[in-house]
file data-v8.txt (compact mmCIF, C-alpha atoms)
# COMPACT_ATOMS: atom_id res chain seq x y z
CA MET A 996 13.43 13.26 8.83
CA ARG A 997 9.69 13.50 9.56
CA ARG A 998 8.82 11.78 6.27
CA ARG A 999 11.30 8.99 7.00
CA ASN A 1000 9.90 8.46 10.50
CA LEU A 1001 6.37 8.45 9.08
CA LEU A 1002 7.36 5.85 6.47
CA VAL A 1003 8.92 3.66 9.17
CA PHE A 1004 5.72 3.94 11.21
CA ILE A 1005 3.56 2.88 8.25
CA LEU A 1006 5.80 -0.07 7.40
CA CYS A 1007 5.69 -1.18 11.05
CA CYS A 1008 1.89 -0.98 11.04
CA PHE A 1009 1.62 -3.12 7.94
CA ARG A 1010 4.23 -5.55 9.25
CA TRP A 1011 2.19 -5.97 12.44
CA MET A 1012 -1.01 -6.48 10.46
CA PHE A 1013 0.53 -9.11 8.20
CA ILE A 1014 2.37 -10.97 10.97
CA SER A 1015 -0.66 -10.94 13.27
CA LYS A 1016 -2.52 -13.05 10.73
CA SER A 1017 0.11 -15.74 11.04
CA VAL A 1018 -0.46 -16.28 14.75
CA ALA A 1019 -2.98 -18.88 15.95
CA PHE A 1020 -3.89 -20.14 19.40
CA SER A 1021 -4.90 -23.74 19.95
CA VAL A 1022 -5.81 -25.91 22.92
CA GLY A 1023 -3.65 -29.02 22.93
CA ARG A 1024 -3.05 -32.14 24.93
CA ALA A 1025 0.05 -33.03 26.88
CA GLY A 1026 3.03 -33.81 24.70
CA THR A 1027 5.56 -32.22 22.39
CA THR A 1028 4.53 -29.99 19.51
CA ARG A 1029 6.78 -30.45 16.48
CA ILE A 1030 7.29 -28.49 13.30
CA ASN A 1031 8.93 -30.57 10.58
CA SER A 1032 9.75 -33.17 13.23
CA ARG A 1033 11.61 -30.59 15.37
CA PRO A 1034 10.29 -30.04 18.91
CA VAL A 1035 9.08 -26.51 19.54
CA PHE A 1036 8.08 -26.65 23.21
CA GLU A 1037 6.90 -29.11 25.82
CA VAL A 1038 3.38 -29.23 27.20
CA SER A 1039 3.29 -31.00 30.54
CA SER A 1040 -0.47 -30.56 30.99
CA PRO A 1041 -3.45 -29.48 28.89
CA SER A 1042 -2.91 -25.77 28.29
CA LEU A 1043 -3.23 -22.99 25.79
CA VAL A 1044 -0.56 -23.47 23.14
CA SER A 1045 0.65 -20.49 21.13
CA THR A 1046 2.47 -21.21 17.89
CA ILE A 1047 3.38 -19.15 14.83
CA VAL A 1048 2.17 -20.84 11.66
CA TRP A 1049 4.64 -20.89 8.76
CA ASN A 1050 2.51 -23.05 6.43
CA ARG A 1051 4.65 -26.11 7.08
CA PRO A 1052 3.59 -29.58 8.18
CA ILE A 1053 3.09 -29.76 11.96
CA MET A 1054 3.30 -33.11 13.74
CA ASP A 1055 2.17 -34.21 17.13
CA ARG A 1056 4.12 -36.52 19.43
CA SER A 1057 3.11 -39.59 17.42
CA GLY A 1058 4.26 -38.01 14.17
CA THR A 1059 0.76 -37.64 12.77
CA ARG A 1060 0.23 -34.66 10.43
CA ILE A 1061 -2.28 -32.27 11.95
CA ASN A 1062 -3.67 -31.22 8.55
CA LYS A 1063 -2.50 -30.76 4.99
CA HIS A 1064 -2.06 -27.03 5.43
CA GLY A 1065 0.26 -27.37 8.41
CA ALA A 1066 -1.96 -25.41 10.80
CA VAL A 1067 -1.54 -25.77 14.55
CA LEU A 1068 -4.86 -27.43 15.35
CA LEU A 1069 -4.37 -29.80 18.26
CA SER A 1070 -8.10 -29.60 18.90
CA SER A 1071 -11.16 -28.06 17.34
CA THR A 1072 -10.77 -24.91 19.41
CA ARG A 1073 -8.95 -22.07 17.58
CA LEU A 1074 -8.77 -18.34 18.08
CA CYS A 1075 -7.26 -16.17 15.35
CA LEU A 1076 -6.02 -12.63 15.82
CA SER A 1077 -7.65 -10.28 13.31
CA SER A 1078 -6.82 -6.71 12.38
CA LYS A 1079 -9.42 -4.04 12.92
CA PRO A 1080 -10.56 -2.26 9.72
CA ILE A 1081 -9.93 1.15 11.31
CA THR A 1082 -6.25 0.24 11.70
CA TRP A 1083 -5.90 -0.56 8.01
CA VAL A 1084 -7.87 2.50 6.93
CA ILE A 1085 -5.87 4.93 9.08
CA ALA A 1086 -2.53 3.37 8.11
CA THR A 1087 -3.42 3.53 4.43
CA ILE A 1088 -4.52 7.17 4.60
CA VAL A 1089 -1.53 8.26 6.67
CA GLY A 1090 0.82 6.46 4.29
CA GLY A 1091 -0.73 8.33 1.40
CA THR A 1092 0.10 11.65 3.03
CA ILE A 1093 3.81 10.98 2.52
CA GLY A 1094 3.52 12.66 -0.86
CA THR A 1095 1.61 15.72 0.42
CA PRO A 1096 4.70 17.96 0.95
CA PHE A 1097 5.84 17.25 -2.61
CA VAL A 1098 2.41 18.06 -4.02
CA SER A 1099 2.13 21.31 -2.05
CA SER A 1100 5.59 22.43 -3.12
CA ALA A 1101 4.89 21.57 -6.77
CA LYS A 1102 1.65 23.55 -6.83
CA LYS A 1103 3.49 26.65 -5.63
CA SER A 1104 6.48 26.34 -7.95
CA TRP A 1105 5.58 24.68 -11.25
CA TYR A 1106 2.41 22.56 -11.47
CA ASP A 1107 0.02 25.52 -11.90
CA ARG A 1108 2.37 27.11 -14.44
CA ILE A 1109 2.79 24.34 -16.97
CA PRO A 1110 0.26 23.60 -19.73
CA LYS A 1111 -2.20 20.81 -18.90
CA PRO A 1112 -5.13 19.18 -20.73
CA ASP A 1113 -8.32 21.24 -20.78
CA TRP A 1114 -10.20 18.59 -18.86
CA THR A 1115 -7.74 18.56 -15.93
CA PRO A 1116 -9.74 18.32 -12.66
CA PRO A 1117 -9.48 21.29 -10.26
CA ASN A 1118 -6.81 20.99 -7.60
CA TRP A 1119 -9.28 20.91 -4.71
CA ILE A 1120 -10.84 17.64 -5.86
CA PHE A 1121 -7.71 15.49 -5.50
CA ALA A 1122 -7.47 15.48 -1.68
CA PRO A 1123 -11.04 14.26 -0.94
CA VAL A 1124 -10.86 11.74 -3.79
CA TRP A 1125 -7.65 10.20 -2.51
CA VAL A 1126 -8.85 10.12 1.11
CA THR A 1127 -11.95 8.26 -0.05
CA LEU A 1128 -9.99 5.86 -2.24
CA TYR A 1129 -7.41 5.15 0.47
CA SER A 1130 -10.26 4.44 2.88
CA PHE A 1131 -11.73 1.95 0.43
CA MET A 1132 -8.33 0.34 -0.10
CA GLY A 1133 -7.63 0.04 3.62
CA TYR A 1134 -11.04 -1.42 4.38
CA ALA A 1135 -10.79 -3.87 1.47
CA ALA A 1136 -7.39 -5.07 2.68
CA SER A 1137 -8.71 -5.44 6.22
CA GLN A 1138 -11.51 -7.70 4.99
CA VAL A 1139 -9.05 -9.95 3.20
CA ALA A 1140 -6.75 -9.98 6.24
CA SER A 1141 -9.59 -10.80 8.63
CA THR A 1142 -10.69 -13.66 6.37
CA ALA A 1143 -7.25 -15.23 6.53
CA THR A 1144 -7.08 -18.21 8.90
CA ALA A 1145 -4.37 -20.46 10.19
CA THR A 1146 -5.60 -23.25 7.91
CA THR A 1147 -5.15 -21.58 4.55
CA THR A 1148 -2.67 -19.58 2.50
CA THR A 1149 -5.38 -18.20 0.20
CA CYS A 1150 -4.89 -14.65 1.50
CA SER A 1151 -1.10 -14.59 1.36
CA LEU A 1152 -0.77 -13.86 -2.36
CA PRO A 1153 -3.40 -11.09 -2.65
CA LEU A 1154 -2.09 -9.32 0.45
CA ALA A 1155 1.49 -9.56 -0.80
CA LEU A 1156 0.53 -8.15 -4.20
CA TYR A 1157 -1.51 -5.46 -2.51
CA GLY A 1158 1.47 -4.49 -0.35
CA VAL A 1159 3.74 -4.15 -3.38
CA HIS A 1160 1.11 -2.11 -5.20
CA TYR A 1161 0.61 0.20 -2.21
CA LEU A 1162 4.35 0.91 -1.95
CA LEU A 1163 4.38 1.82 -5.64
CA ASN A 1164 1.37 4.04 -5.07
CA ILE A 1165 2.93 6.13 -2.31
CA SER A 1166 6.14 6.48 -4.34
CA TRP A 1167 4.32 8.17 -7.23
CA ALA A 1168 4.02 11.67 -5.74
CA PRO A 1169 7.72 11.96 -4.80
CA ILE A 1170 8.67 10.90 -8.34
CA PHE A 1171 6.17 13.02 -10.30
CA PHE A 1172 5.89 16.10 -8.09
CA GLY A 1173 9.14 15.93 -6.12
CA MET A 1174 11.63 14.85 -8.78
CA LYS A 1175 9.55 16.39 -11.62
CA ARG A 1176 10.06 13.22 -13.65
CA LEU A 1177 6.89 13.44 -15.71
CA ARG A 1178 7.52 10.50 -18.04
CA LEU A 1179 8.66 8.25 -15.21
CA GLY A 1180 5.52 9.17 -13.29
CA HIS A 1181 3.41 8.24 -16.31
CA ILE A 1182 5.18 4.90 -16.61
CA LEU A 1183 4.58 4.30 -12.91
CA ASN A 1184 0.86 4.96 -13.46
CA ILE A 1185 0.80 2.19 -16.05
CA ILE A 1186 2.62 -0.11 -13.63
CA LEU A 1187 0.05 0.72 -10.94
CA ILE A 1188 -2.77 -0.36 -13.23
CA SER A 1189 -0.91 -3.53 -14.16
CA THR A 1190 -0.25 -4.49 -10.54
CA LEU A 1191 -3.81 -3.72 -9.44
CA LEU A 1192 -5.42 -5.84 -12.16
CA PRO A 1193 -4.58 -9.20 -10.51
CA VAL A 1194 -5.34 -7.90 -7.01
CA ILE A 1195 -9.01 -7.13 -7.70
CA PRO A 1196 -10.08 -10.68 -8.68
CA LEU A 1197 -7.94 -12.18 -5.92
CA PHE A 1198 -9.58 -9.91 -3.34
CA TYR A 1199 -13.00 -10.73 -4.81
CA GLN A 1200 -12.37 -14.45 -4.40
CA VAL A 1201 -11.67 -13.97 -0.71
CA ASP A 1202 -14.28 -11.30 -0.01
CA LYS A 1203 -16.64 -9.91 -2.67
CA LEU A 1204 -16.94 -6.50 -1.03
CA ALA A 1205 -13.14 -6.18 -0.89
CA GLY A 1206 -12.88 -6.70 -4.64
CA ILE A 1207 -15.72 -4.27 -5.39
CA LEU A 1208 -14.21 -1.54 -3.22
CA LEU A 1209 -11.09 -1.50 -5.42
CA LEU A 1210 -13.05 -0.75 -8.60
CA PRO A 1211 -13.38 3.03 -7.98
CA TYR A 1212 -9.65 3.14 -7.36
CA MET A 1213 -8.98 1.37 -10.66
CA ALA A 1214 -11.24 3.85 -12.46
CA TRP A 1215 -9.35 6.77 -10.93
CA LEU A 1216 -6.03 5.24 -11.96
CA PHE A 1217 -7.20 5.27 -15.57
CA VAL A 1218 -8.11 8.95 -15.20
CA ALA A 1219 -4.74 9.75 -13.59
CA THR A 1220 -2.88 7.84 -16.31
CA ALA A 1221 -4.71 9.68 -19.06
CA LEU A 1222 -3.97 12.98 -17.31
CA SER A 1223 -0.26 12.22 -16.91
CA ASP A 1224 -0.11 11.18 -20.56
CA GLY A 1225 -1.60 14.53 -21.58
CA ILE A 1226 0.81 16.43 -19.34
CA CYS A 1227 3.76 14.56 -20.82
CA ALA A 1228 2.55 15.35 -24.35
CA LEU A 1229 2.25 19.08 -23.57
CA ASN A 1230 5.52 19.15 -21.64
CA PRO A 1231 7.97 16.87 -23.47
CA THR A 1232 11.22 15.91 -21.80
CA LYS A 1233 14.34 16.65 -23.83
CA LYS A 1234 17.78 15.64 -22.64
CA GLY A 1235 16.39 15.02 -19.16
CA TYR A 1236 14.82 18.50 -18.90
CA ASN A 1237 11.17 19.53 -19.12
CA ASN A 1238 8.85 22.48 -18.49
CA ALA A 1239 8.25 21.40 -14.91
CA MET A 1240 11.96 21.67 -14.14
CA LEU A 1241 12.15 24.99 -16.04
CA GLU A 1242 9.25 26.54 -14.15
CA ALA A 1243 10.68 25.30 -10.85
CA ASP A 1244 14.04 26.90 -11.65
CA ILE A 1245 12.35 30.16 -12.63
CA TYR A 1246 10.37 30.13 -9.40
CA LYS A 1247 13.59 29.71 -7.39
CA LEU A 1248 15.18 32.65 -9.22
CA GLN A 1249 12.10 34.80 -8.56
CA LEU A 1250 12.25 33.97 -4.87
CA ALA A 1251 15.96 34.75 -4.74
CA ALA A 1252 15.45 38.07 -6.53
CA ALA A 1253 12.53 39.03 -4.28
CA ASN A 1254 14.61 38.18 -1.25
CA ASN A 1255 17.52 40.33 -2.49
CA VAL A 1256 15.36 43.42 -2.91
CA GLY A 1257 13.62 42.83 0.40
CA ILE A 1258 10.16 42.02 -0.97
CA ILE A 1259 10.01 38.82 1.07
call {"tool": "encode", "arguments": {"input": "data-v8.txt", "output": "structure tokens"}}
result
Amino acid sequence: MRRRNLLVFILCCFRWMFISKSVAFSVGRAGTTRINSRPVFEVSSPSLVSTIVWNRPIMDRSGTRINKHGAVLLSSTRLCLSSKPITWVIATIVGGTIGTPFVSSAKKSWYDRIPKPDWTPPNWIFAPVWVTLYSFMGYAASQVASTATATTTTCSLPLALYGVHYLLNISWAPIFFGMKRLRLGHILNIILISTLLPVIPLFYQVDKLAGILLLPYMAWLFVATALSDGICALNPTKKGYNNAMLEADIYKLQLAAANNVGII
């Protein structure tokens, strides 16, 4: 229940961040604001007009297109809501902690018991690495989001791709550590690399620092993919069963036996 509530909170945060970029404020003259020739609201006197931009042509009372991007710009004055970087960073880090219970449980039951490549990094290094990488990811996304304006759709595609990639990212730990699906986790690693490849140049086009900040994350994904490949090779899955599942079952039996004799 806690994990589900946390996931709902993260999705709401990202929904607010994405939607907030679609809201623009403009100062307009008296008249009717129209979207695709449909009246939205009446303005009886010069006032502050608030309109959600859906990237569609917006006409004034005379039917004149405001601009080719369909932005609500009834005058040269425009204020755009932007998301604070700290909001993106915190949301990204907190979202990444969804997999922490699965990782902790796996370390106790099977991960430390199965054979792994000799070059496997020590367990203590993963937490600080992922906190750092999630911070870079959140800040990079915030820079792209803050660059988005009501007059362009340049940032829509990279942010959408980033959102899909992030959801795949936070689903990896439940699949690999929770479900003990080693091969599926390895395949997901490959998908993560594939979905991040187009995001980096798209972020770089919008904000150079945003694209650069994703490079360490890409490098770590290659390391994680190589590690999962080695784990799969040393722990092959046969008929839907592997060493991870075996060690987890043995651990459960040991706990049950210890409980029966009163050791725990």
call {"tool": "closest_residue", "arguments": {"input": "data-v8.txt", "among": "A:Trp1083, A:Tyr1246, A:Trp1125, A:Tyr1199", "to": "A:Leu1216", "atoms": "only C-alpha atoms"}}
result
A:Trp1125
call {"tool": "atom_distance", "arguments": {"input": "data-v8.txt", "atom1": "atom CA of A:Thr1127", "atom2": "atom CA of A:Pro1211"}}
result
9.6 Å
call {"tool": "closest_residue", "arguments": {"input": "data-v8.txt", "among": "A:Gly1158, A:Pro1231, A:Pro1123, A:Pro1153", "to": "A:Asp1202", "atoms": "only C-alpha atoms"}}
result
A:Pro1153
call {"tool": "residues_around", "arguments": {"input": "data-v8.txt", "residues": "stretch 1243-1245 of chain A", "least_positions_apart": "6", "cutoff": "12 Å", "atoms": "only C-alpha atoms", "output": "PyMOL selection string"}}
result
chain A and resi 1100-1109+1172-1175+1236-1237+1251-1252
call {"tool": "atom_distance", "arguments": {"input": "data-v8.txt", "atom1": "atom CA of A:Asn1255", "atom2": "atom CA of A:Val1098"}}
result
27.0 Å
call {"tool": "residues_around", "arguments": {"input": "data-v8.txt", "residues": "A:Leu1197", "least_positions_apart": "5", "cutoff": "12 Å", "atoms": "all atoms listed in the file", "output": "NGL selection string"}}
result
:A and (1135-1136 or 1139 or 1149-1157 or 1190-1192 or 1202-1207 or 1209)
call {"tool": "write_last_selection", "arguments": {"input": "data-v8.txt", "atoms": "C-alpha atoms", "output": "compact mmCIF listing (two decimals), in the coordinates of the input"}}
result
# COMPACT_ATOMS: atom_id res chain seq x y z
CA ALA A 1135 -10.79 -3.87 1.47
CA ALA A 1136 -7.39 -5.07 2.68
CA VAL A 1139 -9.05 -9.95 3.20
CA THR A 1149 -5.38 -18.20 0.20
CA CYS A 1150 -4.89 -14.65 1.50
CA SER A 1151 -1.10 -14.59 1.36
CA LEU A 1152 -0.77 -13.86 -2.36
CA PRO A 1153 -3.40 -11.09 -2.65
CA LEU A 1154 -2.09 -9.32 0.45
CA ALA A 1155 1.49 -9.56 -0.80
CA LEU A 1156 0.53 -8.15 -4.20
CA TYR A 1157 -1.51 -5.46 -2.51
CA THR A 1190 -0.25 -4.49 -10.54
CA LEU A 1191 -3.81 -3.72 -9.44
CA LEU A 1192 -5.42 -5.84 -12.16
CA ASP A 1202 -14.28 -11.30 -0.01
CA LYS A 1203 -16.64 -9.91 -2.67
CA LEU A 1204 -16.94 -6.50 -1.03
CA ALA A 1205 -13.14 -6.18 -0.89
CA GLY A 1206 -12.88 -6.70 -4.64
CA ILE A 1207 -15.72 -4.27 -5.39
CA LEU A 1209 -11.09 -1.50 -5.42
call {"tool": "atom_distance", "arguments": {"input": "data-v8.txt", "atom1": "atom CA of A:Ala1253", "atom2": "atom CA of A:Phe1171"}}
result
27.4 Å
call {"tool": "closest_residue", "arguments": {"input": "data-v8.txt", "among": "A:Gln1200, A:Asn1230, A:Asn1238, A:Thr1220", "to": "A:Ile1182", "atoms": "only C-alpha atoms"}}
result
A:Thr1220
call {"tool": "residues_around", "arguments": {"input": "data-v8.txt", "residues": "A:Val1126", "least_positions_apart": "2", "cutoff": "12 Å", "atoms": "all atoms listed in the file", "output": "list of chain:residue names"}}
result
A:Val1084, A:Ile1085, A:Ala1086, A:Thr1087, A:Ile1088, A:Val1089, A:Gly1090, A:Gly1091, A:Thr1092, A:Thr1095, A:Ile1120, A:Phe1121, A:Ala1122, A:Pro1123, A:Val1124, A:Leu1128, A:Tyr1129, A:Ser1130, A:Phe1131, A:Met1132, A:Gly1133, A:Tyr1212
call {"tool": "write_last_selection", "arguments": {"input": "data-v8.txt", "atoms": "C-alpha atoms", "output": "short mmCIF file (atom, residue, chain, number, x, y, z; two decimals), in the frame of the given file"}}
result
data_model
loop_
_atom_site.label_atom_id
_atom_site.label_comp_id
_atom_site.auth_asym_id
_atom_site.auth_seq_id
_atom_site.Cartn_x
_atom_site.Cartn_y
_atom_site.Cartn_z
CA VAL A 1084 -7.87 2.50 6.93
CA ILE A 1085 -5.87 4.93 9.08
CA ALA A 1086 -2.53 3.37 8.11
CA THR A 1087 -3.42 3.53 4.43
CA ILE A 1088 -4.52 7.17 4.60
CA VAL A 1089 -1.53 8.26 6.67
CA GLY A 1090 0.82 6.46 4.29
CA GLY A 1091 -0.73 8.33 1.40
CA THR A 1092 0.10 11.65 3.03
CA THR A 1095 1.61 15.72 0.42
CA ILE A 1120 -10.84 17.64 -5.86
CA PHE A 1121 -7.71 15.49 -5.50
CA ALA A 1122 -7.47 15.48 -1.68
CA PRO A 1123 -11.04 14.26 -0.94
CA VAL A 1124 -10.86 11.74 -3.79
CA LEU A 1128 -9.99 5.86 -2.24
CA TYR A 1129 -7.41 5.15 0.47
CA SER A 1130 -10.26 4.44 2.88
CA PHE A 1131 -11.73 1.95 0.43
CA MET A 1132 -8.33 0.34 -0.10
CA GLY A 1133 -7.63 0.04 3.62
CA TYR A 1212 -9.65 3.14 -7.36
#
